[in-house]
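Below is the file run-v8.txt, which contains compact mmCIF, C-alpha atoms and all ligand atoms.
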```txt
# COMPACT_ATOMS: atom_id res chain seq x y z
CA MET A 1 32.20 -11.86 6.33
CA PRO A 2 31.83 -9.57 3.29
CA ILE A 3 31.97 -5.87 4.10
CA LEU A 4 28.67 -4.27 3.13
CA ARG A 5 28.88 -1.07 1.13
CA THR A 6 27.03 1.81 2.72
CA ALA A 7 24.60 3.83 0.65
CA THR A 8 22.27 6.76 1.17
CA ILE A 9 19.03 6.12 -0.69
CA LEU A 10 16.46 8.73 -1.65
CA VAL A 11 12.98 7.17 -1.83
CA ILE A 12 10.41 9.02 -3.93
CA ASN A 13 6.67 8.41 -4.07
CA CYS A 14 4.89 10.76 -6.46
CA GLY A 15 1.10 10.65 -6.09
CA SER A 16 -1.36 12.50 -8.32
CA SER A 17 -1.16 15.66 -6.16
CA SER A 18 1.51 14.76 -3.61
CA LEU A 19 5.20 13.92 -3.26
CA LYS A 20 6.48 11.80 -0.38
CA TYR A 21 10.22 11.39 0.12
CA GLU A 22 12.55 9.82 2.61
CA ILE A 23 16.31 9.45 3.00
CA ILE A 24 17.32 6.00 4.25
CA LYS A 25 20.84 4.94 5.14
CA MET A 26 21.70 1.39 4.12
CA PRO A 27 22.53 -1.28 5.11
CA GLU A 28 21.61 0.09 8.57
CA GLN A 29 18.01 0.66 7.40
CA GLN A 30 18.11 3.96 9.25
CA SER A 31 15.70 6.72 8.28
CA LEU A 32 17.51 10.08 8.34
CA GLY A 33 14.36 12.07 7.70
CA LYS A 34 11.34 12.40 5.47
CA GLY A 35 9.01 14.89 3.88
CA LEU A 36 5.67 15.37 2.18
CA VAL A 37 4.46 17.93 -0.35
CA GLU A 38 0.67 18.13 -0.48
CA ARG A 39 -1.83 19.90 -2.74
CA ILE A 40 0.48 20.06 -5.77
CA GLY A 41 -1.25 21.98 -8.56
CA THR A 42 -3.85 23.59 -6.30
CA GLU A 43 -3.87 26.52 -3.93
CA GLY A 44 -2.34 26.10 -0.49
CA SER A 45 0.52 23.74 -1.40
CA ILE A 46 2.48 22.83 1.69
CA ILE A 47 5.71 20.97 2.41
CA THR A 48 6.39 19.27 5.73
CA GLN A 49 9.82 17.83 6.51
CA LYS A 50 10.82 15.91 9.63
CA THR A 51 14.29 15.03 10.82
CA LYS A 52 15.99 14.40 14.17
CA GLY A 53 12.88 15.37 16.15
CA MET A 54 12.53 18.63 14.16
CA LYS A 55 9.53 19.47 12.01
CA HIS A 56 9.46 22.20 9.39
CA CYS A 57 6.26 23.27 7.58
CA GLU A 58 6.12 25.77 4.76
CA ASN A 59 3.46 27.00 2.34
CA PHE A 60 4.76 27.67 -1.15
CA ASP A 61 3.61 28.10 -4.71
CA CYS A 62 3.70 24.63 -6.28
CA PRO A 63 2.05 24.39 -9.69
CA ASP A 64 3.57 20.98 -10.56
CA HIS A 65 5.77 18.07 -9.45
CA LYS A 66 8.86 19.77 -10.96
CA GLU A 67 8.49 22.61 -8.48
CA ALA A 68 7.81 20.10 -5.68
CA MET A 69 11.06 18.25 -6.42
CA LYS A 70 12.96 21.54 -6.55
CA LYS A 71 11.61 22.47 -3.13
CA MET A 72 12.43 19.01 -1.80
CA CYS A 73 16.09 19.42 -2.90
CA GLU A 74 16.23 22.84 -1.27
CA LEU A 75 14.88 21.58 2.05
CA LEU A 76 16.92 18.35 2.03
CA ILE A 77 20.10 20.39 2.40
CA ASN A 78 18.77 23.33 4.41
CA GLU A 79 21.40 24.40 6.94
CA GLU A 80 18.97 24.65 9.82
CA PHE A 81 16.54 21.76 9.38
CA GLY A 82 17.94 19.80 6.41
CA ILE A 83 18.37 16.02 6.34
CA ILE A 84 21.78 15.80 4.61
CA SER A 85 24.58 18.32 4.12
CA ASP A 86 24.90 17.90 0.35
CA LEU A 87 22.84 16.30 -2.45
CA SER A 88 26.01 14.58 -3.70
CA LEU A 89 25.79 12.30 -0.64
CA ILE A 90 22.80 10.52 -2.20
CA ASN A 91 23.91 7.28 -3.90
CA ALA A 92 20.73 5.97 -5.54
CA VAL A 93 17.06 6.82 -5.98
CA GLY A 94 14.16 4.38 -5.50
CA HIS A 95 10.75 5.21 -6.97
CA ARG A 96 7.36 3.80 -6.09
CA VAL A 97 5.60 3.00 -9.36
CA VAL A 98 1.99 1.92 -9.15
CA HIS A 99 1.52 -0.18 -12.29
CA GLY A 100 4.05 -2.51 -13.84
CA GLY A 101 1.42 -4.46 -15.81
CA GLU A 102 2.43 -8.05 -16.55
CA LYS A 103 6.00 -7.16 -17.44
CA TYR A 104 7.59 -6.76 -14.02
CA SER A 105 7.54 -9.30 -11.23
CA GLU A 106 10.48 -7.63 -9.45
CA SER A 107 11.97 -4.20 -8.91
CA VAL A 108 14.23 -3.05 -11.76
CA ILE A 109 16.89 -0.50 -12.64
CA ILE A 110 15.20 2.20 -14.70
CA ASP A 111 16.31 2.42 -18.33
CA LYS A 112 14.56 3.40 -21.58
CA ASP A 113 12.62 0.11 -21.77
CA VAL A 114 11.32 0.50 -18.23
CA ILE A 115 10.15 4.06 -18.94
CA LYS A 116 8.40 2.80 -22.09
CA ALA A 117 6.68 0.05 -20.11
CA ILE A 118 5.51 2.50 -17.43
CA GLU A 119 4.14 4.71 -20.24
CA GLU A 120 2.32 1.73 -21.74
CA ASN A 121 0.68 1.12 -18.38
CA VAL A 122 -0.67 4.67 -18.08
CA GLU A 123 -3.99 3.41 -19.48
CA LEU A 124 -4.19 0.94 -16.57
CA ALA A 125 -3.29 3.52 -13.88
CA PRO A 126 -4.20 6.90 -15.39
CA LEU A 127 -3.97 8.82 -12.11
CA HIS A 128 -0.75 7.32 -10.79
CA ASN A 129 1.68 6.21 -13.52
CA PRO A 130 1.89 9.71 -15.11
CA ALA A 131 2.85 11.21 -11.72
CA ASN A 132 5.39 8.41 -11.17
CA LEU A 133 6.91 9.17 -14.60
CA ILE A 134 7.25 12.85 -13.75
CA GLY A 135 9.05 11.89 -10.53
CA ILE A 136 11.45 9.63 -12.44
CA ASN A 137 12.17 12.21 -15.15
CA GLU A 138 12.75 14.98 -12.65
CA ALA A 139 15.03 12.80 -10.53
CA LYS A 140 17.02 11.89 -13.64
CA GLU A 141 17.53 15.58 -14.35
CA ILE A 142 18.57 16.40 -10.81
CA PHE A 143 20.70 13.27 -10.31
CA PRO A 144 21.83 12.32 -13.86
CA MET A 145 24.66 10.09 -12.65
CA LEU A 146 22.67 8.07 -10.12
CA ARG A 147 21.06 4.67 -10.49
CA GLN A 148 17.26 4.91 -10.34
CA VAL A 149 15.14 1.93 -9.40
CA ALA A 150 11.42 1.30 -9.98
CA VAL A 151 9.51 -0.64 -7.31
CA PHE A 152 6.05 -1.61 -8.56
CA ASP A 153 2.92 -1.95 -6.43
CA THR A 154 1.75 -4.73 -8.73
CA SER A 155 4.91 -6.82 -9.06
CA PHE A 156 4.47 -8.96 -5.92
CA HIS A 157 1.15 -10.22 -7.32
CA GLN A 158 2.59 -11.38 -10.63
CA THR A 159 2.80 -14.88 -9.13
CA LEU A 160 -1.02 -15.19 -9.06
CA PRO A 161 -2.16 -18.23 -11.04
CA PRO A 162 -4.66 -17.70 -13.90
CA SER A 163 -7.43 -19.14 -11.72
CA ALA A 164 -6.96 -16.13 -9.41
CA TYR A 165 -6.23 -13.41 -11.95
CA LEU A 166 -8.77 -14.20 -14.68
CA TYR A 167 -12.32 -12.85 -14.47
CA GLY A 168 -15.26 -14.86 -15.77
CA LEU A 169 -15.43 -12.63 -18.85
CA PRO A 170 -14.87 -13.28 -22.58
CA ILE A 171 -11.18 -14.21 -22.86
CA GLU A 172 -10.62 -11.50 -25.52
CA LEU A 173 -10.96 -8.92 -22.77
CA TYR A 174 -7.82 -10.32 -21.20
CA GLU A 175 -6.00 -11.05 -24.45
CA LYS A 176 -6.79 -7.78 -26.25
CA HIS A 177 -7.57 -5.33 -23.48
CA ARG A 178 -5.36 -6.64 -20.62
CA ILE A 179 -8.36 -6.92 -18.26
CA ARG A 180 -7.32 -9.17 -15.36
CA ARG A 181 -6.64 -8.95 -11.64
CA TYR A 182 -3.36 -7.11 -11.06
CA GLY A 183 -3.58 -6.38 -7.33
CA PHE A 184 -1.97 -3.46 -5.51
CA HIS A 185 -0.26 -2.68 -2.16
CA GLY A 186 2.28 -5.35 -3.20
CA THR A 187 5.22 -3.53 -1.59
CA SER A 188 3.42 -3.45 1.75
CA HIS A 189 2.24 -7.09 1.61
CA ARG A 190 5.78 -8.19 0.71
CA TYR A 191 7.35 -6.11 3.48
CA VAL A 192 5.04 -7.27 6.28
CA SER A 193 5.03 -10.90 5.21
CA ASN A 194 8.85 -10.95 5.26
CA LYS A 195 8.83 -9.25 8.67
CA ALA A 196 6.33 -11.84 9.89
CA LEU A 197 8.72 -14.65 8.91
CA ASP A 198 11.53 -12.90 10.83
CA MET A 199 9.34 -12.41 13.91
CA MET A 200 8.19 -16.04 13.94
CA ARG A 201 11.65 -17.35 12.93
CA ARG A 202 10.18 -19.27 10.05
CA PHE A 203 11.24 -19.93 6.46
CA LYS A 204 9.02 -18.89 3.60
CA GLU A 205 9.32 -22.34 2.00
CA ASN A 206 7.04 -23.90 4.64
CA THR A 207 4.94 -20.93 5.72
CA ASN A 208 1.62 -19.53 4.51
CA VAL A 209 0.57 -16.01 5.41
CA ILE A 210 -2.60 -13.97 5.03
CA SER A 211 -1.80 -10.25 5.22
CA CYS A 212 -4.43 -7.57 5.76
CA HIS A 213 -3.36 -4.06 4.73
CA LEU A 214 -6.12 -1.89 6.18
CA GLY A 215 -5.54 1.81 5.54
CA ASN A 216 -7.73 4.27 3.68
CA GLY A 217 -7.31 1.85 0.82
CA ALA A 218 -7.45 -1.77 1.96
CA SER A 219 -6.50 -5.13 0.53
CA ILE A 220 -5.83 -8.65 1.69
CA THR A 221 -3.38 -11.13 0.20
CA ALA A 222 -2.88 -14.89 0.44
CA ILE A 223 0.83 -15.74 0.40
CA GLU A 224 1.90 -19.34 -0.10
CA HIS A 225 5.59 -20.13 0.47
CA GLY A 226 6.50 -16.48 -0.09
CA LYS A 227 4.41 -16.05 -3.23
CA SER A 228 1.22 -14.03 -3.58
CA ILE A 229 -1.43 -16.48 -4.84
CA ASP A 230 -4.50 -14.26 -4.49
CA THR A 231 -5.28 -10.70 -3.54
CA SER A 232 -8.48 -8.73 -3.13
CA MET A 233 -7.81 -5.64 -5.26
CA GLY A 234 -8.29 -6.41 -8.92
CA PHE A 235 -8.05 -4.67 -12.28
CA THR A 236 -8.19 -1.47 -10.21
CA PRO A 237 -7.94 -0.77 -6.46
CA LEU A 238 -11.76 -0.52 -6.32
CA GLU A 239 -12.34 -4.27 -6.03
CA GLY A 240 -12.26 -6.32 -2.86
CA LEU A 241 -12.68 -5.14 0.71
CA MET A 242 -14.91 -2.26 1.66
CA MET A 243 -12.57 0.69 2.30
CA GLY A 244 -12.62 4.22 3.73
CA THR A 245 -14.51 5.69 0.78
CA ARG A 246 -14.43 2.84 -1.80
CA SER A 247 -17.24 0.33 -2.08
CA GLY A 248 -15.10 -2.75 -2.73
CA ASP A 249 -17.04 -5.72 -4.21
CA ILE A 250 -20.56 -4.99 -5.41
CA ASP A 251 -22.90 -6.61 -7.90
CA PRO A 252 -21.78 -5.00 -11.22
CA ALA A 253 -25.43 -4.85 -12.32
CA ILE A 254 -25.94 -2.04 -9.78
CA ILE A 255 -23.97 0.18 -12.17
CA PHE A 256 -26.39 -0.44 -15.08
CA TYR A 257 -29.35 0.01 -12.76
CA LEU A 258 -28.01 3.43 -11.70
CA SER A 259 -27.12 4.35 -15.26
CA GLU A 260 -30.70 3.62 -16.40
CA ARG A 261 -31.90 5.95 -13.65
CA GLY A 262 -29.91 8.89 -14.96
CA PHE A 263 -26.62 8.67 -13.07
CA SER A 264 -23.69 9.52 -15.36
CA ASN A 265 -20.50 7.43 -15.58
CA ASP A 266 -18.59 10.14 -13.73
CA GLU A 267 -21.18 10.29 -10.96
CA ILE A 268 -21.12 6.52 -10.48
CA ASN A 269 -17.32 6.44 -10.58
CA HIS A 270 -17.14 9.22 -7.98
CA MET A 271 -19.76 7.51 -5.80
CA LEU A 272 -17.98 4.13 -5.81
CA ASN A 273 -14.52 5.58 -5.19
CA LYS A 274 -15.13 8.61 -2.99
CA LYS A 275 -18.57 8.39 -1.40
CA SER A 276 -18.93 4.73 -0.45
CA GLY A 277 -17.26 2.42 2.07
CA LEU A 278 -17.15 3.45 5.72
CA LEU A 279 -18.04 7.04 4.78
CA GLY A 280 -21.00 6.13 2.59
CA LEU A 281 -22.49 3.49 4.87
CA SER A 282 -22.16 5.50 8.07
CA GLY A 283 -22.93 8.89 6.54
CA ILE A 284 -20.45 10.19 9.15
CA SER A 285 -16.78 9.72 8.26
CA ASN A 286 -14.22 7.48 6.58
CA ASP A 287 -12.00 7.76 9.65
CA LEU A 288 -12.07 4.74 11.93
CA ARG A 289 -11.46 6.89 15.02
CA ASP A 290 -14.59 8.99 14.40
CA LEU A 291 -16.68 5.90 13.82
CA GLU A 292 -15.40 4.04 16.90
CA GLU A 293 -16.21 7.07 19.02
CA LYS A 294 -19.73 7.39 17.59
CA ALA A 295 -20.34 3.64 17.89
CA ALA A 296 -19.23 3.70 21.53
CA ASN A 297 -21.80 6.44 22.10
CA GLY A 298 -24.57 4.29 20.65
CA ASN A 299 -24.70 5.55 17.05
CA GLU A 300 -26.30 2.65 15.15
CA LYS A 301 -25.15 3.73 11.67
CA ALA A 302 -21.51 3.89 12.81
CA LYS A 303 -21.83 0.49 14.47
CA GLN A 304 -23.38 -1.04 11.37
CA ALA A 305 -20.67 0.37 9.07
CA LEU A 306 -17.96 -1.09 11.34
CA ASP A 307 -19.70 -4.49 11.40
CA VAL A 308 -19.98 -4.58 7.61
CA TYR A 309 -16.29 -3.61 7.31
CA ALA A 310 -15.19 -6.43 9.63
CA TYR A 311 -17.54 -8.99 8.07
CA LYS A 312 -16.13 -8.47 4.58
CA ILE A 313 -12.58 -8.95 5.86
CA ARG A 314 -13.61 -12.17 7.65
CA LYS A 315 -15.16 -13.46 4.41
CA TYR A 316 -11.88 -12.93 2.55
CA ILE A 317 -9.82 -14.50 5.33
CA GLY A 318 -12.10 -17.54 5.24
CA SER A 319 -11.90 -17.95 1.49
CA TYR A 320 -8.12 -17.53 1.43
CA ALA A 321 -7.74 -19.99 4.31
CA ALA A 322 -9.72 -22.55 2.30
CA ASN A 323 -7.47 -21.99 -0.68
CA LEU A 324 -4.18 -22.08 1.25
CA VAL A 325 -5.11 -25.37 2.96
CA LYS A 326 -3.04 -24.37 6.00
CA VAL A 327 -2.52 -20.86 7.38
CA ASP A 328 0.42 -20.16 9.70
CA ILE A 329 0.30 -16.39 10.15
CA LEU A 330 -2.34 -13.65 9.90
CA VAL A 331 -0.89 -10.12 9.72
CA PHE A 332 -2.59 -6.79 10.38
CA THR A 333 -1.02 -3.63 8.98
CA GLY A 334 -1.95 -0.14 7.64
CA GLY A 335 -3.48 2.68 9.73
CA ILE A 336 -6.52 0.61 10.74
CA GLY A 337 -4.70 -2.73 10.98
CA GLU A 338 -2.02 -1.19 13.20
CA ASN A 339 -4.18 1.05 15.39
CA GLY A 340 -7.68 -0.38 15.26
CA ILE A 341 -7.64 -2.54 18.39
CA LYS A 342 -11.43 -2.94 18.44
CA MET A 343 -11.56 -3.54 14.70
CA ARG A 344 -9.01 -6.37 14.99
CA GLU A 345 -11.23 -7.85 17.70
CA ARG A 346 -14.35 -7.57 15.54
CA ILE A 347 -12.54 -9.27 12.65
CA CYS A 348 -11.08 -12.17 14.65
CA HIS A 349 -13.89 -12.97 17.06
CA ARG A 350 -15.56 -15.57 14.81
CA LEU A 351 -12.49 -17.02 13.14
CA GLU A 352 -11.77 -19.65 15.81
CA SER A 353 -13.28 -22.34 13.57
CA ILE A 354 -10.36 -21.88 11.17
CA GLY A 355 -7.71 -21.89 13.90
CA ILE A 356 -7.47 -18.16 14.56
CA PHE A 357 -7.59 -17.58 18.33
CA MET A 358 -6.96 -14.00 19.43
CA ASP A 359 -5.61 -13.12 22.87
CA TYR A 360 -7.81 -10.07 23.53
CA ASP A 361 -5.59 -8.74 26.34
CA LYS A 362 -2.47 -8.93 24.19
CA ASN A 363 -4.39 -7.29 21.35
CA SER A 364 -5.07 -4.27 23.59
CA GLU A 365 -1.58 -4.22 25.09
CA VAL A 366 0.21 -4.33 21.74
CA GLY A 367 -1.71 -1.31 20.44
CA ALA A 368 0.10 -0.18 17.30
CA ASN A 369 3.46 -1.79 18.12
CA PRO A 370 4.78 -4.88 16.39
CA GLY A 371 3.67 -7.92 18.34
CA ILE A 372 1.96 -11.29 18.54
CA ILE A 373 -1.70 -11.07 19.57
CA SER A 374 -2.81 -14.71 19.32
CA GLN A 375 -3.19 -17.28 22.07
CA PRO A 376 -0.14 -19.54 22.54
CA TYR A 377 -2.27 -22.52 21.44
CA SER A 378 -3.62 -20.79 18.32
CA PRO A 379 -2.66 -22.77 15.19
CA VAL A 380 -2.49 -19.43 13.36
CA ALA A 381 -0.22 -16.74 14.84
CA ILE A 382 -1.83 -13.29 14.63
CA LEU A 383 0.68 -10.45 14.25
CA VAL A 384 0.53 -6.66 14.17
CA ILE A 385 3.32 -5.28 11.97
CA PRO A 386 3.62 -1.59 11.05
CA THR A 387 4.15 -1.40 7.32
CA ASN A 388 7.09 0.51 5.83
CA GLU A 389 6.83 0.70 2.07
CA GLU A 390 9.62 3.30 1.90
CA LEU A 391 12.02 0.93 3.64
CA GLN A 392 11.09 -1.89 1.24
CA ILE A 393 11.79 0.47 -1.68
CA ALA A 394 15.16 1.37 -0.11
CA LEU A 395 15.97 -2.33 0.40
CA ASP A 396 15.22 -3.12 -3.26
CA THR A 397 17.16 -0.06 -4.46
CA TYR A 398 20.13 -1.00 -2.29
CA ASP A 399 20.08 -4.58 -3.65
CA LEU A 400 20.25 -3.23 -7.19
CA TYR A 401 22.90 -0.65 -6.28
CA VAL A 402 25.55 -2.80 -4.59
P1 LIG A 501 -3.44 5.49 3.70
O1 LIG A 501 -4.06 4.35 2.94
O2 LIG A 501 -3.98 6.83 3.29
O3 LIG A 501 -1.94 5.41 3.81
P2 LIG A 501 -3.41 4.88 6.52
O4 LIG A 501 -2.68 3.59 6.41
O5 LIG A 501 -2.73 6.04 7.13
O6 LIG A 501 -4.06 5.32 5.15
O7 LIG A 501 -4.75 4.59 7.37
C1 LIG A 501 -5.74 5.55 7.58
C2 LIG A 501 -6.79 4.94 8.51
O8 LIG A 501 -6.15 4.58 9.74
C3 LIG A 501 -7.92 5.90 8.86
O9 LIG A 501 -9.17 5.25 8.73
C4 LIG A 501 -7.69 6.18 10.33
O10 LIG A 501 -8.89 6.29 11.00
C5 LIG A 501 -6.98 4.96 10.81
N1 LIG A 501 -6.20 5.29 12.01
C6 LIG A 501 -5.06 6.02 12.08
N2 LIG A 501 -4.67 6.17 13.37
C7 LIG A 501 -5.58 5.52 14.14
C8 LIG A 501 -5.76 5.31 15.54
N3 LIG A 501 -4.88 5.78 16.42
N4 LIG A 501 -6.85 4.60 15.93
C9 LIG A 501 -7.71 4.10 15.04
N5 LIG A 501 -7.60 4.26 13.72
C10 LIG A 501 -6.56 4.96 13.26
```

Give the structure from this file in structure tokens form.
Amino acid sequence: MPILRTATILVINCGSSSLKYEIIKMPEQQSLGKGLVERIGTEGSIITQKTKGMKHCENFDCPDHKEAMKKMCELLINEEFGIISDLSLINAVGHRVVHGGEKYSESVIIDKDVIKAIEENVELAPLHNPANLIGINEAKEIFPMLRQVAVFDTSFHQTLPPSAYLYGLPIELYEKHRIRRYGFHGTSHRYVSNKALDMMRRFKENTNVISCHLGNGASITAIEHGKSIDTSMGFTPLEGLMMGTRSGDIDPAIIFYLSERGFSNDEINHMLNKKSGLLGLSGISNDLRDLEEKAANGNEKAKQALDVYAYKIRKYIGSYAANLVKVDILVFTGGIGENGIKMRERICHRLESIGIFMDYDKNSEVGANPGIISQPYSPVAILVIPTNEELQIALDTYDLYV
């Protein structure tokens, strides 16, 4: 038996106005603690750090990600509520990077070429890749001797065949402007589909999985023999399922119709990304808990929004099942997939014709814990698996470190 090297990995996820971080000990896969800086660049910036049952919250002046990373380093080694005793104990840094374009189908060690490629993809992910680059540059300054790894949200979907990634548009748009389906949430789909194989004691070579990541953003992926062959998010995360505040699929002609009626590009963009989905349809909230409560009290708009949400997921499951020929496992993950007991019921209750038989008692019992919620005779096993993108990033970083 080879002796596995231990490593302490710092995982960094820089969003447009946030910084999430976690320290994970490998190969034990043990989280030592994590933190979140919110409202970077606006008033009321706050850092929250959790470790060993302790939680520390602090407001501080945080004009940019540089300051956020500085604060993170300070808190990581705080004597009272820190996560580690010294920054020199960190062995490698793993970064979530949203867009790897067509260049990266796997996680990579960050060098000059990787930075250049992330820069070239800024036009495809203008809100996220710049923040990811800041995180990488800052981490390189703080930890100049450490190996840094980029884990792309898009890389898992680089196995999509052209029939799934091309749009029915003039081919020059793909060839000259890189317009194609890229897909997102790849780290989560990869993590839960691997976990599903472990739970069912199956090998990827003979297993097909449909994974539903249902959070504020939501996407669904068809995975054949371990490879993503279709996914619902497209050129941007706006396509596909209806989400918390995003419309998902609509007739693109609606945009011209609105434009002719005086709506500006910015207004339409804002409406489709921030004012649609569960929030827009219900007029109440994008939060599933609020809507379930209202629906249970007879609110028709809330009920309708929940029905539309479930229906669109069923449509995708059906189309992916047709394409996969045989489905072995259906996975629910993300805040709604993990916690939304009633929503899972709504989604599955008419899927029996394609071999998906839910055990409604088990579905309630499992709640948000990992578990199997299908009937023993169901040809498709239905699983609830909490996602852990940070752990997947640590796993990839560890693989490239040892
Ligand atoms: P994000 O995409 O921002 O990471 P999450 O994966 O945290 O989002 O999912 C957020 C969604 O999960 C919200 O719609 C929220 O209502 C839902 N959610 C979280 N906890 C529960 C719960 N206990 N019951 C029902 N829904 C929940």

- Message: Report, in Å with one decimal, the straight-line distance from CA of Ile77 in chain A to CA of Asp64 in chain A.
- Response: 21.0 Å

If you take all atoms listed in the file and a cut-off of 9 Å, which residues of chain A touch ligand LIG 501 (chain A), and what are their nearest atom pairs and distances in Å to one decimal, in chain and number order, as a tab-separated table?
```
residue	atom	partner	partner_atom	distance
A:His213	CA	A:LIG501	O4	7.9
A:Leu214	CA	A:LIG501	O4	6.5
A:Gly215	CA	A:LIG501	O7	3.4
A:Asn216	CA	A:LIG501	O1	3.7
A:Gly217	CA	A:LIG501	O1	4.6
A:Ala218	CA	A:LIG501	O1	7.1
A:Met243	CA	A:LIG501	O9	8.6
A:Gly244	CA	A:LIG501	O9	6.2
A:Leu278	CA	A:LIG501	O9	8.7
A:Ser285	CA	A:LIG501	O9	8.8
A:Asn286	CA	A:LIG501	O9	5.9
A:Asp287	CA	A:LIG501	O10	3.7
A:Leu288	CA	A:LIG501	O10	3.7
A:Arg289	CA	A:LIG501	C9	4.7
A:Asp290	CA	A:LIG501	O10	7.2
A:Leu291	CA	A:LIG501	O10	8.3
A:Glu292	CA	A:LIG501	C9	7.9
A:Thr333	CA	A:LIG501	O4	7.8
A:Gly334	CA	A:LIG501	O4	4.0
A:Gly335	CA	A:LIG501	O8	3.3
A:Ile336	CA	A:LIG501	O8	4.1
A:Gly337	CA	A:LIG501	O8	7.6
A:Glu338	CA	A:LIG501	C10	7.6
A:Asn339	CA	A:LIG501	N4	4.5
A:Gly340	CA	A:LIG501	C9	4.5
A:Ile341	CA	A:LIG501	C9	7.4
A:Lys342	CA	A:LIG501	C9	8.7
A:Met343	CA	A:LIG501	C9	8.6
A:Gly367	CA	A:LIG501	N3	8.7
A:Ala368	CA	A:LIG501	N3	7.8
A:Thr387	CA	A:LIG501	O4	8.5
```

Create the file for the chosen residues now, containing C-alpha atoms and written as a tab-separated table (two decimals), in the coordinates of the input.
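File produced: again.tsv:
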```
chain	number	residue	atom	x	y	z
A	213	HIS	CA	-3.36	-4.06	4.73
A	214	LEU	CA	-6.12	-1.89	6.18
A	215	GLY	CA	-5.54	1.81	5.54
A	216	ASN	CA	-7.73	4.27	3.68
A	217	GLY	CA	-7.31	1.85	0.82
A	218	ALA	CA	-7.45	-1.77	1.96
A	243	MET	CA	-12.57	0.69	2.30
A	244	GLY	CA	-12.62	4.22	3.73
A	278	LEU	CA	-17.15	3.45	5.72
A	285	SER	CA	-16.78	9.72	8.26
A	286	ASN	CA	-14.22	7.48	6.58
A	287	ASP	CA	-12.00	7.76	9.65
A	288	LEU	CA	-12.07	4.74	11.93
A	289	ARG	CA	-11.46	6.89	15.02
A	290	ASP	CA	-14.59	8.99	14.40
A	291	LEU	CA	-16.68	5.90	13.82
A	292	GLU	CA	-15.40	4.04	16.90
A	333	THR	CA	-1.02	-3.63	8.98
A	334	GLY	CA	-1.95	-0.14	7.64
A	335	GLY	CA	-3.48	2.68	9.73
A	336	ILE	CA	-6.52	0.61	10.74
A	337	GLY	CA	-4.70	-2.73	10.98
A	338	GLU	CA	-2.02	-1.19	13.20
A	339	ASN	CA	-4.18	1.05	15.39
A	340	GLY	CA	-7.68	-0.38	15.26
A	341	ILE	CA	-7.64	-2.54	18.39
A	342	LYS	CA	-11.43	-2.94	18.44
A	343	MET	CA	-11.56	-3.54	14.70
A	367	GLY	CA	-1.71	-1.31	20.44
A	368	ALA	CA	0.10	-0.18	17.30
A	387	THR	CA	4.15	-1.40	7.32
```

- Task: Have a look at A:Leu197, A:Ile255, A:Ala321, A:Val37 and name the one nearest to Asn269 in chain A; count all atoms listed in the file.
- Result: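 Between A:Leu197, A:Ile255, A:Ala321, A:Val37, the residue approaching Asn269 in chain A most closely is A:Ile255.
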
- Message: Given all atoms listed in the file as the basis, pick out the residue of A:Leu272, A:Ile109, A:Val98, A:Ala302 nearest to Pro126 in chain A.
- Response: A:Val98

- Message: One decimal, in Å: what's the spacing between CA of Leu279 in chain A and CA of Tyr316 in chain A?
- Response: 21.0 Å

- Go through A:Asp399, A:Asp153, A:Glu365, A:Glu102 and flag the residue nearest Glu175 in chain A, using only C-alpha atoms for the distances. A:Glu102

Per-residue nearest contacts range 47-102 of chain A to range 177-191 of chain A, cut-off 12 Å, using only C-alpha atoms, as CSV:
```
residue,atom,partner,partner_atom,distance
A:His95,CA,A:Thr187,CA,11.7
A:Arg96,CA,A:Thr187,CA,8.9
A:Val97,CA,A:Thr187,CA,10.2
A:Val98,CA,A:Phe184,CA,7.6
A:His99,CA,A:Phe184,CA,8.3
A:Gly100,CA,A:Tyr182,CA,9.2
A:Gly101,CA,A:Tyr182,CA,7.2
A:Glu102,CA,A:Tyr182,CA,8.0
```

Can I get the selection written as an mmCIF file, in the coordinates of the input, with C-alpha atoms?
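Output file again05.cif is given in full below:
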```cif
data_model
loop_
_atom_site.group_PDB
_atom_site.id
_atom_site.type_symbol
_atom_site.label_atom_id
_atom_site.label_comp_id
_atom_site.auth_asym_id
_atom_site.auth_seq_id
_atom_site.Cartn_x
_atom_site.Cartn_y
_atom_site.Cartn_z
ATOM 1 C CA HIS A 95 10.750 5.210 -6.970
ATOM 2 C CA ARG A 96 7.360 3.800 -6.090
ATOM 3 C CA VAL A 97 5.600 3.000 -9.360
ATOM 4 C CA VAL A 98 1.990 1.920 -9.150
ATOM 5 C CA HIS A 99 1.520 -0.180 -12.290
ATOM 6 C CA GLY A 100 4.050 -2.510 -13.840
ATOM 7 C CA GLY A 101 1.420 -4.460 -15.810
ATOM 8 C CA GLU A 102 2.430 -8.050 -16.550
#
```

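In terms of minimum interatomic distance to Asp111 in chain A, A:Asn137 ranks closest within A:Leu75, A:Asn137, A:Ser247, A:Thr207, counting all atoms listed in the file.
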
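In this comparison, which uses only C-alpha atoms, the residue of A:Leu306, A:Leu166, A:Leu10, A:Val108 approaching Cys73 in chain A most closely is A:Leu10.
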
- Nearest-residue call for Tyr311 in chain A, choices A:His349, A:His225, A:Lys140, A:Arg147, using only C-alpha atoms: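 Checking each candidate against Tyr311 in chain A, we get A:His349 as the closest.
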
- Message: Need the shell around Val192 in chain A: protein/DNA/RNA residues with any atom at most 10 Å away, counting all atoms listed in the file. Skip same-chain ones fewer than 5 positions apart. Format as number ranges by chain?
- Response: A: 187, 197-198, 209, 211-213, 331-333, 383-389, 392

- Task: Please provide the set of residues having any atom within 9 Å of Tyr401 in chain A, restricted to all atoms listed in the file, with same-chain residues fewer than 6 positions apart removed, written as a PyMOL selection string.
- Result: chain A and resi 7+91-92+109+147-149
